[in-house]
Structures are given as structure tokens and as C-alpha cells.
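Asks: Structure provided below as C-alpha cells; questions to follow.
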Amino acid sequence: MNKTSLIIITIALAIGIGIIFLGGSKNDTRTVGSAQNVEIKDGIQYITVNAKGGYSPKVSTAKAGIPTKLIVKTNGTYDCSASLVIRSVGFQKILAQTGEEIIDLGTPQSGTLQGLCSMGMYNFAVNFN
Ligand SMILES: [Cu+2]
């Protein structure tokens with residue numbers, strides 16, 4: 001076994017352990033409904049999604065046809081949910097470990113927007129109706 005593969009295995013193990021720690025406890029308290037994380041202010045719709053050990057809420061419901069911004073909040077997020085990809089708007093970024101990322105979604109048509117971590121393990125969806 002060469003040095004590179006040892007390093008890769010070590011990193012993979014560290015990430016795995018981190019996910020178990022950060023992801024495990026939060027799953028139970030995750031909100032299923034999403035009325036509280038969507039608000040319209042001055043004609044702009046804001047959808048808030050928390051990123052830490054996955055995304056919550058996992059499914060949000062919002063209105064189509066309104067200028068919309070997605071706010072992704074991190075708070076001591078050391079797992080890969082900070083590495084966010086939203087393909088439909090061409091967004092891909094490693095977010096700050098703690099902070100707020102505001103992503104302009106334009107004026108969404110009805111349909112579903114998908115967010116993913118870059119490894120594809122965590123996801124969330126916003127249904128626009
Ligand atoms: Cu991931």
C-alpha cells in the first residue's frame with residue numbers, strides 16, 4: 001500500500017466518523033413541514049435551509065413565480081453538507097463553516113429544485129407550486 005492510498009483512507013475514515021457524530025443526533029428533530037422556513041418580504045421570497053450533518057428541512061414548499069432567494073445557513077458545519085451544489089442554477093461552492101449564503105434563484109417556475117452535497121449523500125428539495 002502506497003502513501004497516497006493511506007492518506008486517502010485516513011481522510012475517508014475521518015469524514016465518516018465526523019458524519020456519524022454530526023449527523024446522528026440531529027435526524028430526529030428535523031422538521032418535516034416547512035411553512036416556517038419560507039417568508040415573503042417586500043415581494044421577495046426567502047427560503048431558509050440549515051446545513052449541518054445534512055440539510056433541514058429536507059423538503060420545503062414555496063410559491064412559484066416570485067423572485068426568490070435561498071438562504072443556506074451553516075453553524076459549525078464541518079461535514080460535507082457545507083459543500084453545496086444546486087445544479088439547476090449552476091451553483092457550486094464550499095460554504096463558510098459558520099455563516100449565511102444567499103443564493104439568487106431568480107423567479108422559479110413550478111417544479112422541484114434539488115440541492116445536494118458535493119458527494120451526493122445529503123440532499124434537500126424545494127417544491128415550487
Ligand atoms: Cu456529502
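Just so we're on the same page: first chain in the C-alpha cells is A, next is B, and so on; residues restart at 1 for each chain, and ligands are numbered from 1 in the order they show up.
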Counting only C-alpha atoms and all ligand atoms, which residues in chain A sit no more than 6 Å from ligand 1? For each one, give the nearest pair of atoms and the distance in Å, sorted by chain then residue number, as a Markdown table.
Replies:
| residue | atom | partner | partner_atom_place_in_ligand_line | distance |
| --- | --- | --- | --- | --- |
| A:Cys80 | CA | ligand 1 | 1 (Cu) | 4.4 |
| A:Ser81 | CA | ligand 1 | 1 (Cu) | 5.5 |
| A:Cys117 | CA | ligand 1 | 1 (Cu) | 4.5 |
| A:Ser118 | CA | ligand 1 | 1 (Cu) | 5.5 |
| A:Met119 | CA | ligand 1 | 1 (Cu) | 4.1 |
| A:Gly120 | CA | ligand 1 | 1 (Cu) | 5.4 |
| A:Met121 | CA | ligand 1 | 1 (Cu) | 4.6 |
| A:Tyr122 | CA | ligand 1 | 1 (Cu) | 5.6 |
Asks: Between atom CA of Pro67 of chain A and atom CA of Gln92 of chain A, what distance in Å does the model show, to one decimal?
Replies: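 Taking atom CA of Pro67 of chain A as the start and atom CA of Gln92 of chain A as the end point, the length is 20.4 Å.
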Asks: Contacts of Ile86 of chain A at 8 Å or less, counting only C-alpha atoms, minus same-chain residues fewer than 2 places along, as a PyMOL selection string?
Replies: chain A and resi 84+88-92+113-116
Asks: Write a file of the just-selected residues containing N, CA and C atoms, as a PDB file, in the first residue's frame.
Replies:
ATOM      1  N   LEU A  84     -21.873  22.626  -1.174  1.00  0.00           N
ATOM      2  CA  LEU A  84     -23.241  22.617  -1.724  1.00  0.00           C
ATOM      3  C   LEU A  84     -23.254  22.746  -3.244  1.00  0.00           C
ATOM      4  N   SER A  88     -29.471  23.215 -10.929  1.00  0.00           N
ATOM      5  CA  SER A  88     -30.407  23.944 -11.800  1.00  0.00           C
ATOM      6  C   SER A  88     -30.087  25.435 -11.887  1.00  0.00           C
ATOM      7  N   VAL A  89     -29.341  25.974 -10.902  1.00  0.00           N
ATOM      8  CA  VAL A  89     -28.954  27.385 -11.007  1.00  0.00           C
ATOM      9  C   VAL A  89     -27.442  27.517 -11.172  1.00  0.00           C
ATOM     10  N   GLY A  90     -26.766  26.414 -11.422  1.00  0.00           N
ATOM     11  CA  GLY A  90     -25.321  26.447 -11.662  1.00  0.00           C
ATOM     12  C   GLY A  90     -24.518  26.849 -10.432  1.00  0.00           C
ATOM     13  N   PHE A  91     -25.034  26.511  -9.251  1.00  0.00           N
ATOM     14  CA  PHE A  91     -24.354  26.909  -8.020  1.00  0.00           C
ATOM     15  C   PHE A  91     -23.508  25.770  -7.487  1.00  0.00           C
ATOM     16  N   GLN A  92     -22.267  26.083  -7.157  1.00  0.00           N
ATOM     17  CA  GLN A  92     -21.400  25.086  -6.529  1.00  0.00           C
ATOM     18  C   GLN A  92     -20.380  25.835  -5.688  1.00  0.00           C
ATOM     19  N   LEU A 113     -36.735  22.109  -7.006  1.00  0.00           N
ATOM     20  CA  LEU A 113     -35.317  22.455  -7.028  1.00  0.00           C
ATOM     21  C   LEU A 113     -34.591  21.503  -6.077  1.00  0.00           C
ATOM     22  N   GLN A 114     -33.481  20.971  -6.533  1.00  0.00           N
ATOM     23  CA  GLN A 114     -32.725  19.998  -5.740  1.00  0.00           C
ATOM     24  C   GLN A 114     -31.394  20.593  -5.304  1.00  0.00           C
ATOM     25  N   GLY A 115     -31.086  20.451  -4.025  1.00  0.00           N
ATOM     26  CA  GLY A 115     -29.757  20.792  -3.539  1.00  0.00           C
ATOM     27  C   GLY A 115     -29.077  19.515  -3.082  1.00  0.00           C
ATOM     28  N   LEU A 116     -27.775  19.462  -3.281  1.00  0.00           N
ATOM     29  CA  LEU A 116     -27.004  18.251  -2.976  1.00  0.00           C
ATOM     30  C   LEU A 116     -25.689  18.649  -2.325  1.00  0.00           C
TER      31      LEU A 116
END
Asks: Calculate how many Å separate atom CA of Lys69 of chain A from atom CA of Ile44 of chain A, rounding to one decimal.
Replies: 7.3 Å
Asks: Using only C-alpha atoms, which of the listed residues (A:Ala96, A:Val38, A:Ile103, A:Ala125) sits closest to Tyr55 of chain A?
Replies: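 Of A:Ala96, A:Val38, A:Ile103, A:Ala125, the one nearest Tyr55 of chain A is A:Ala125, counting only C-alpha atoms.
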Asks: I'd like to know which of A:Thr61, A:Asn123, A:Asp42, A:Ile66 is closest to Ala82 of chain A, using only C-alpha atoms.
Replies: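 Closest residue, counting only C-alpha atoms: A:Asn123.
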Asks: Using only C-alpha atoms, which of A:Ile71, A:Lys41, A:Ser83, A:Pro57 sits nearest Leu95 of chain A?
Replies: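 Ranked by minimum distance to Leu95 of chain A, first place goes to A:Ser83.
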Asks: Give me, please, the distance in Å between atom CA of Phe124 of chain A and atom CA of Asn75 of chain A, quoted to one decimal.
Replies: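 Atom CA of Asn75 of chain A lies at a distance of 17.3 Å from atom CA of Phe124 of chain A.
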Asks: When distances are computed from only C-alpha atoms, which of A:Lys93, A:Gly65, A:Phe128, A:Val59 shows the smallest separation from Gly111 of chain A?
Replies: A:Phe128
Asks: Which residues are near Glu39 of chain A? Cut-off 9 Å, only C-alpha atoms, ignore same chain within fewer than 5 positions. Put them as a PyMOL selection string.
Replies: chain A and resi 44-48+62
Asks: Name the residues in contact with Asn129 of chain A at a cut-off of 6 Å, using only C-alpha atoms, excluding same-chain residues fewer than 5 positions from it; report them as a list in words.
Replies: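 Listed by chain and then number, they are Lys63, Ala64 and Ser110 of chain A.
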Asks: Taking only C-alpha atoms into account, name the residue in A:Val85, A:Leu70, A:Thr77, A:Val126 that is nearest to Leu105 of chain A.
Replies: A:Leu70
Asks: Would you give me, as a PyMOL selection string, the residues in segment 38-126 of chain A that DSSP reads as strand (DSSP E or B)?
Replies: chain A and resi 38-41+44-51+55-56+59-62+68-74+83-86+91-94+99-104+111-117+123-126
